[in-house]
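Quick notes on the structure that follows.
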Amino acid sequence: MAACALLVTSCGSGDDSAKKNDDAGQGESDTHARAADQKRIPDVGDGLQSKIPENSQQVLAVYGDGEDSANSTIVLYAKSGPKDATWEKKHSWSGHNGKKGWTTNHHEDDKRSPVGVFTLTDGGGVLAAPEAKLPYSQSASMQAPHYWPKSHWHDFDYVIAIDYNRVKGTPPNDPTRPQGKEKGGSIWVHMDHGSGTSGCVSLSKSGMRYLLSTLDPKLHPVVVMGDKAHLKAA
């Protein structure tokens, strides 16, 4: 947040005690403001902020560069205590989202990532779990097809399912779509291949290993995702 300074001039007094008191008050206000800010996920508006469950102590925020951009910044925030504790930034990565950007009305094959707040309950991948805390399903069936470009072959070595139009408690590649096939599905956090996705969020292999070993179902992790404008406005 940018801070605005207010210059107050006083007349007829050579005593600077009033200025000192004003400075002390200003410092106290700044401290309260910072504390209030730390109780919110940065740059997320009231609409989406209110959808973060009170019992959630881990939030993965995906800040898309723009509505039609495939580039994003991914940040993990965590609380160290109860629901009134403040959020602390734990780690951040450069990553990608849908190759055509973002949408508030996702549908099958639109190549855009859905804007919203979604729980993170299940992991999986082609490779064995790296000490994952989330339930993890290892399966060769998640292997990216080899008719895809070679740079994409390892996309699904590690996966975290985003609970958009899926059944919680199932492997990430479970095909069930509670809202219907037309609303799309299989929206995951997975390994990055250097460009936009079909609707998923992607980041580095080391980032995926970190998230899988850090996200804890006992802490009710969620993802807050969207382009920066939608995140602030929603």
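Every chain in the structure tokens takes a letter, A first, then B, and so on in the order presented; its residues are numbered from 1, and the ligands are numbered from 1 following the presented order.
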
- Message: Would you pick out the contacts of His96 of chain A at 8 Å or less, using only C-alpha atoms, so that residues sharing its chain but fewer than 3 positions from it are not included, and give the list as a VMD selection string?
- Response: chain A and resid 64 70 to 73 99 192 194 to 197 201 to 203

- Message: According to DSSP computed on the backbone, where in segment 167-230 of chain A is there strand (DSSP E)? Give the residues as a PyMOL selection string.
- Response: chain A and resi 188-191+201-203+222-227

Would you mind exporting all heavy atoms of the selected residues as a tab-separated table (two decimals), in the first residue's frame?
chain	number	residue	atom	x	y	z
A	188	TRP	N	-5.96	-27.93	-12.33
A	188	TRP	CA	-4.93	-28.37	-11.38
A	188	TRP	C	-3.86	-27.30	-11.19
A	188	TRP	O	-3.72	-26.39	-12.01
A	188	TRP	CB	-4.22	-29.64	-11.91
A	188	TRP	CG	-5.09	-30.83	-12.14
A	188	TRP	CD1	-6.35	-31.05	-11.64
A	188	TRP	CD2	-4.75	-31.99	-12.91
A	188	TRP	NE1	-6.83	-32.27	-12.07
A	188	TRP	CE2	-5.86	-32.87	-12.85
A	188	TRP	CE3	-3.63	-32.37	-13.64
A	188	TRP	CZ2	-5.87	-34.10	-13.50
A	188	TRP	CZ3	-3.64	-33.60	-14.29
A	188	TRP	CH2	-4.75	-34.46	-14.22
A	189	VAL	N	-3.10	-27.44	-10.14
A	189	VAL	CA	-1.78	-26.82	-10.03
A	189	VAL	C	-0.80	-27.91	-10.45
A	189	VAL	O	-0.82	-29.01	-9.89
A	189	VAL	CB	-1.48	-26.35	-8.59
A	189	VAL	CG1	-0.14	-25.63	-8.55
A	189	VAL	CG2	-2.58	-25.44	-8.06
A	190	HIS	N	0.03	-27.63	-11.44
A	190	HIS	CA	0.95	-28.67	-11.91
A	190	HIS	C	2.26	-28.04	-12.36
A	190	HIS	O	2.45	-26.81	-12.29
A	190	HIS	CB	0.32	-29.52	-13.01
A	190	HIS	CG	-0.02	-28.80	-14.29
A	190	HIS	ND1	0.94	-28.25	-15.13
A	190	HIS	CD2	-1.22	-28.54	-14.89
A	190	HIS	CE1	0.36	-27.72	-16.18
A	190	HIS	NE2	-0.96	-27.86	-16.06
A	191	MET	N	3.16	-28.85	-12.83
A	191	MET	CA	4.50	-28.38	-13.21
A	191	MET	C	4.46	-27.56	-14.49
A	191	MET	O	3.67	-27.82	-15.40
A	191	MET	CB	5.46	-29.57	-13.35
A	191	MET	CG	5.90	-30.08	-11.99
A	191	MET	SD	6.85	-31.62	-12.04
A	191	MET	CE	8.03	-31.32	-13.33
A	201	VAL	N	-3.06	-23.93	-13.35
A	201	VAL	CA	-2.01	-23.05	-12.83
A	201	VAL	C	-0.73	-23.87	-12.80
A	201	VAL	O	-0.75	-25.04	-12.40
A	201	VAL	CB	-2.36	-22.54	-11.41
A	201	VAL	CG1	-1.18	-21.80	-10.80
A	201	VAL	CG2	-3.61	-21.67	-11.45
A	202	SER	N	0.39	-23.29	-13.22
A	202	SER	CA	1.62	-24.07	-13.27
A	202	SER	C	2.78	-23.29	-12.65
A	202	SER	O	2.83	-22.07	-12.71
A	202	SER	CB	1.97	-24.45	-14.71
A	202	SER	OG	2.19	-23.31	-15.51
A	203	LEU	N	3.69	-24.05	-12.05
A	203	LEU	CA	4.91	-23.48	-11.49
A	203	LEU	C	6.02	-24.52	-11.52
A	203	LEU	O	5.80	-25.64	-11.99
A	203	LEU	CB	4.70	-22.95	-10.06
A	203	LEU	CG	4.43	-23.94	-8.93
A	203	LEU	CD1	4.77	-23.30	-7.59
A	203	LEU	CD2	2.96	-24.35	-8.90
A	222	VAL	N	-6.63	-23.28	0.73
A	222	VAL	CA	-7.44	-22.87	-0.41
A	222	VAL	C	-6.56	-22.11	-1.40
A	222	VAL	O	-5.47	-21.65	-1.05
A	222	VAL	CB	-8.63	-21.97	0.00
A	222	VAL	CG1	-9.56	-22.69	0.97
A	222	VAL	CG2	-8.15	-20.64	0.59
A	223	VAL	N	-7.06	-21.99	-2.62
A	223	VAL	CA	-6.41	-21.14	-3.61
A	223	VAL	C	-7.35	-19.99	-3.93
A	223	VAL	O	-8.56	-20.18	-4.07
A	223	VAL	CB	-6.04	-21.93	-4.89
A	223	VAL	CG1	-7.26	-22.54	-5.56
A	223	VAL	CG2	-5.27	-21.06	-5.87
A	224	VAL	N	-6.79	-18.77	-3.98
A	224	VAL	CA	-7.51	-17.59	-4.44
A	224	VAL	C	-6.85	-17.19	-5.75
A	224	VAL	O	-5.66	-16.89	-5.78
A	224	VAL	CB	-7.39	-16.43	-3.43
A	224	VAL	CG1	-8.15	-15.20	-3.92
A	224	VAL	CG2	-7.90	-16.85	-2.07
A	225	MET	N	-7.60	-17.20	-6.85
A	225	MET	CA	-6.96	-17.07	-8.15
A	225	MET	C	-7.75	-16.19	-9.10
A	225	MET	O	-8.98	-16.15	-9.06
A	225	MET	CB	-6.74	-18.46	-8.76
A	225	MET	CG	-7.98	-19.35	-8.82
A	225	MET	SD	-7.58	-21.07	-9.21
A	225	MET	CE	-7.43	-20.99	-11.00
A	226	GLY	N	-7.02	-15.46	-9.93
A	226	GLY	CA	-7.63	-14.60	-10.92
A	226	GLY	C	-6.65	-13.56	-11.41
A	226	GLY	O	-5.54	-13.44	-10.88
A	227	ASP	N	-7.03	-12.82	-12.43
A	227	ASP	CA	-6.20	-11.70	-12.84
A	227	ASP	C	-6.31	-10.60	-11.80
A	227	ASP	O	-7.28	-10.53	-11.03
A	227	ASP	CB	-6.61	-11.18	-14.22
A	227	ASP	CG	-8.05	-10.72	-14.25
A	227	ASP	OD1	-8.94	-11.58	-14.36
A	227	ASP	OD2	-8.29	-9.51	-14.14

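Counting only C-alpha atoms, Asn173 of chain A has the following residues at most 9 Å away, ignoring those fewer than 6 positions along the same chain: Gly124, Ser141, Met142, Ala161 and Ser186 of chain A.
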
Give me the residues within 9 Å of Asp109 of chain A as a compact mmCIF listing (two decimals) with all heavy atoms, in the first residue's frame, counting only C-alpha atoms and dropping any in the same chain fewer than 6 places off.
# COMPACT_ATOMS: atom_id res chain seq x y z
N GLU A 182 -19.98 -29.35 -19.46
CA GLU A 182 -19.82 -28.07 -20.15
C GLU A 182 -19.12 -27.01 -19.29
O GLU A 182 -18.57 -26.04 -19.81
CB GLU A 182 -21.18 -27.53 -20.61
CG GLU A 182 -22.14 -27.10 -19.51
CD GLU A 182 -22.88 -28.26 -18.87
OE1 GLU A 182 -22.64 -29.43 -19.27
OE2 GLU A 182 -23.71 -28.00 -17.97
N GLY A 184 -16.47 -27.56 -17.61
CA GLY A 184 -15.05 -27.88 -17.57
C GLY A 184 -14.65 -28.57 -16.28
O GLY A 184 -15.49 -28.90 -15.44
N SER A 198 -4.04 -25.07 -20.42
CA SER A 198 -5.41 -25.20 -20.91
C SER A 198 -6.43 -24.65 -19.91
O SER A 198 -7.63 -24.66 -20.18
CB SER A 198 -5.73 -26.67 -21.20
OG SER A 198 -4.93 -27.16 -22.26
N GLY A 199 -5.96 -24.18 -18.76
CA GLY A 199 -6.84 -23.63 -17.73
C GLY A 199 -6.28 -23.83 -16.33
O GLY A 199 -6.80 -23.28 -15.36

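Between atom CA of Tyr164 of chain A and atom CA of Gln179 of chain A there is a distance of 9.3 Å.
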
- Task: Name all residues at most 7 Å from segment 76-90 of chain A (count only C-alpha atoms; drop same-chain ones fewer than 3 positions away) and give them as an MDAnalysis selection string.
- Result: chainID A and resid 38:41 54:55 57:61

Write the residues of the preceding selection, restricted to C-alpha atoms, as a PDB file, in the first residue's frame.
ATOM      1  CA  GLN A  38      -1.951  -8.466   7.511  1.00  0.00           C
ATOM      2  CA  LYS A  39      -5.356  -9.873   8.396  1.00  0.00           C
ATOM      3  CA  ARG A  40      -6.201  -9.865   4.674  1.00  0.00           C
ATOM      4  CA  ILE A  41      -4.659 -11.508   1.646  1.00  0.00           C
ATOM      5  CA  GLU A  54     -12.418 -18.776   8.603  1.00  0.00           C
ATOM      6  CA  ASN A  55     -10.622 -22.014   9.477  1.00  0.00           C
ATOM      7  CA  GLN A  57      -4.616 -21.151   7.648  1.00  0.00           C
ATOM      8  CA  GLN A  58      -2.988 -21.569   4.228  1.00  0.00           C
ATOM      9  CA  VAL A  59      -3.842 -19.573   1.093  1.00  0.00           C
ATOM     10  CA  LEU A  60      -2.213 -19.995  -2.293  1.00  0.00           C
ATOM     11  CA  ALA A  61      -2.802 -16.714  -4.145  1.00  0.00           C
TER      12      ALA A  61
END

- Task: Quick one: everything within 12 Å of Val159 of chain A, counting only C-alpha atoms, minus sequence neighbours fewer than 4 positions away in the same chain. Send it as a ChimeraX atom specification.
- Result: /A:120-130,132,134-139,142-144,154-155,171-173,186-192,200-205,207-212

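Between atom CA of Gly180 of chain A and atom CA of Arg112 of chain A there is a distance of 17.4 Å.
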
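Coordinates place atom CA of Gly98 of chain A at a distance of 14.3 Å from atom CA of His152 of chain A.
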
- Query: DSSP on the backbone: what in segment 37-143 of chain A comes out helix (DSSP H, G or I), as a ChimeraX atom specification?
  - Reply: /A:37,46-49,140-142

- Message: Taking 3 positions as the minimum chain separation for residues in the same chain, which residues sit within 8 Å of Thr103 of chain A when counting only C-alpha atoms? Answer as a ChimeraX atom specification.
- Response: /A:67,106,112-115,226

Store the residues of this selection in a file with N, CA, C and O atoms, as an mmCIF file, in the first residue's frame.
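Below is the file selection_36.cif, written as the result:
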data_model
loop_
_atom_site.group_PDB
_atom_site.id
_atom_site.type_symbol
_atom_site.label_atom_id
_atom_site.label_comp_id
_atom_site.auth_asym_id
_atom_site.auth_seq_id
_atom_site.Cartn_x
_atom_site.Cartn_y
_atom_site.Cartn_z
ATOM 1 N N GLU A 67 -6.287 -9.968 -17.666
ATOM 2 C CA GLU A 67 -7.425 -10.832 -18.002
ATOM 3 C C GLU A 67 -7.121 -11.748 -19.177
ATOM 4 O O GLU A 67 -7.619 -12.873 -19.238
ATOM 5 N N HIS A 106 -16.126 -19.978 -16.454
ATOM 6 C CA HIS A 106 -15.323 -20.980 -17.149
ATOM 7 C C HIS A 106 -16.200 -22.045 -17.795
ATOM 8 O O HIS A 106 -17.225 -22.461 -17.239
ATOM 9 N N ARG A 112 -9.115 -20.719 -20.564
ATOM 10 C CA ARG A 112 -9.008 -19.692 -19.532
ATOM 11 C C ARG A 112 -9.132 -20.338 -18.157
ATOM 12 O O ARG A 112 -9.837 -21.342 -18.001
ATOM 13 N N SER A 113 -8.461 -19.749 -17.174
ATOM 14 C CA SER A 113 -8.541 -20.264 -15.808
ATOM 15 C C SER A 113 -9.714 -19.603 -15.083
ATOM 16 O O SER A 113 -9.980 -18.408 -15.288
ATOM 17 N N PRO A 114 -10.418 -20.345 -14.231
ATOM 18 C CA PRO A 114 -11.563 -19.768 -13.514
ATOM 19 C C PRO A 114 -11.120 -18.854 -12.369
ATOM 20 O O PRO A 114 -10.197 -19.186 -11.620
ATOM 21 N N VAL A 115 -11.780 -17.707 -12.256
ATOM 22 C CA VAL A 115 -11.541 -16.782 -11.146
ATOM 23 C C VAL A 115 -12.332 -17.259 -9.936
ATOM 24 O O VAL A 115 -13.497 -17.653 -10.063
ATOM 25 N N GLY A 226 -7.018 -15.464 -9.929
ATOM 26 C CA GLY A 226 -7.631 -14.602 -10.918
ATOM 27 C C GLY A 226 -6.648 -13.564 -11.406
ATOM 28 O O GLY A 226 -5.540 -13.435 -10.880
#
